[in-house]
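Following: one structure in structure tokens, then a few remarks.
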Amino acid sequence: MSDLKITRTDSGNKDFQDLVVFLDAYLAEKDGDDHPFFAQYNGIDKIKHVVVAYIDNKAVGCGALKERKERTVEIKRMYVLPEFRGQGIAKKILAELENWAYEVGNSHCILETGKKQTAAIELYQRTGYKVIDNFDPYIGIDLSICFGKTIGKDAILQ
């Protein structure tokens, strides 16, 4: 793999916005008739913590943090272009998001993914995420699976 560079930015970043278009098309295909329900929770306006992964100055992946409750952020908008998957890029994006979350005072990350997103589920399990009860707005949604992880120094204490 060529040099991977991960940049911290916000949701105003054009490369992030372009990747989200691909992500939304991918999810619409995967989710089918259920896509409108999930799409309503995936707006990207005013996200302060976004990372974009680049290879040779080409944006190839992204992820974001959404503030939730005290010391907890939600991992959102994780995506890697299909031709760049299987190279560990998503794992590096996730690690950068966790580091940033910890740096700004958080101790927990939570996230939701669809049960049909088997590659995403495998990534989260491989990186230490544990299945948790579905959180709002995914409570009672059978197609959703939620994960949580303690990050930073607090993670060592578990």
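Naming works like this for the structure tokens: A, B, ... for the chains as they're shown, residue 1 at the start of each chain, ligands 1 onward in shown order.
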Can you list, as a VMD selection string, all residues belonging to stretch 3-152 of chain A that DSSP tags as strand (DSSP E)? chain A and resid 4 to 9 49 to 55 58 to 67 72 to 80 108 to 114 130 to 132 144 to 150
List every residue of stretch 96-145 of chain A that DSSP, applied to the backbone, labels as alpha helix (DSSP H), and write the result as a list in words. Glu96, Leu97, Glu98, Asn99, Trp100, Ala101, Tyr102, Glu103, Thr118, Ala119, Ala120, Ile121, Glu122, Leu123, Tyr124, Gln125 and Arg126 of chain A
Applying 9 Å and only C-alpha atoms, which residues near A:Tyr54 remain after dropping the ones on its own chain fewer than 6 positions away? List them as a VMD selection string. chain A and resid 3 to 7 60 to 61
Serialized selection, N, CA and C atoms, as a compact mmCIF listing (two decimals), in the first residue's frame:
# COMPACT_ATOMS: atom_id res chain seq x y z
N ASP A 3 1.65 5.26 0.75
CA ASP A 3 1.56 5.94 2.03
C ASP A 3 0.13 6.35 2.35
N LEU A 4 -0.32 5.94 3.51
CA LEU A 4 -1.64 6.30 3.99
C LEU A 4 -1.49 7.51 4.90
N LYS A 5 -2.29 8.52 4.65
CA LYS A 5 -2.29 9.73 5.47
C LYS A 5 -3.72 9.93 5.97
N ILE A 6 -3.87 10.13 7.28
CA ILE A 6 -5.19 10.39 7.85
C ILE A 6 -5.21 11.83 8.36
N THR A 7 -6.19 12.57 7.88
CA THR A 7 -6.32 13.99 8.19
C THR A 7 -7.54 14.23 9.07
N VAL A 60 -9.79 8.02 0.28
CA VAL A 60 -10.20 6.62 0.14
C VAL A 60 -11.08 6.12 1.28
N GLY A 61 -11.21 6.89 2.35
CA GLY A 61 -12.01 6.44 3.49
C GLY A 61 -12.27 7.57 4.46
Nearest residue to A:Thr127 from the set A:Ala95, A:Val52, A:Val104, A:Ile139 (distances using only C-alpha atoms):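 Result for the nearest residue to A:Thr127: A:Ala95.
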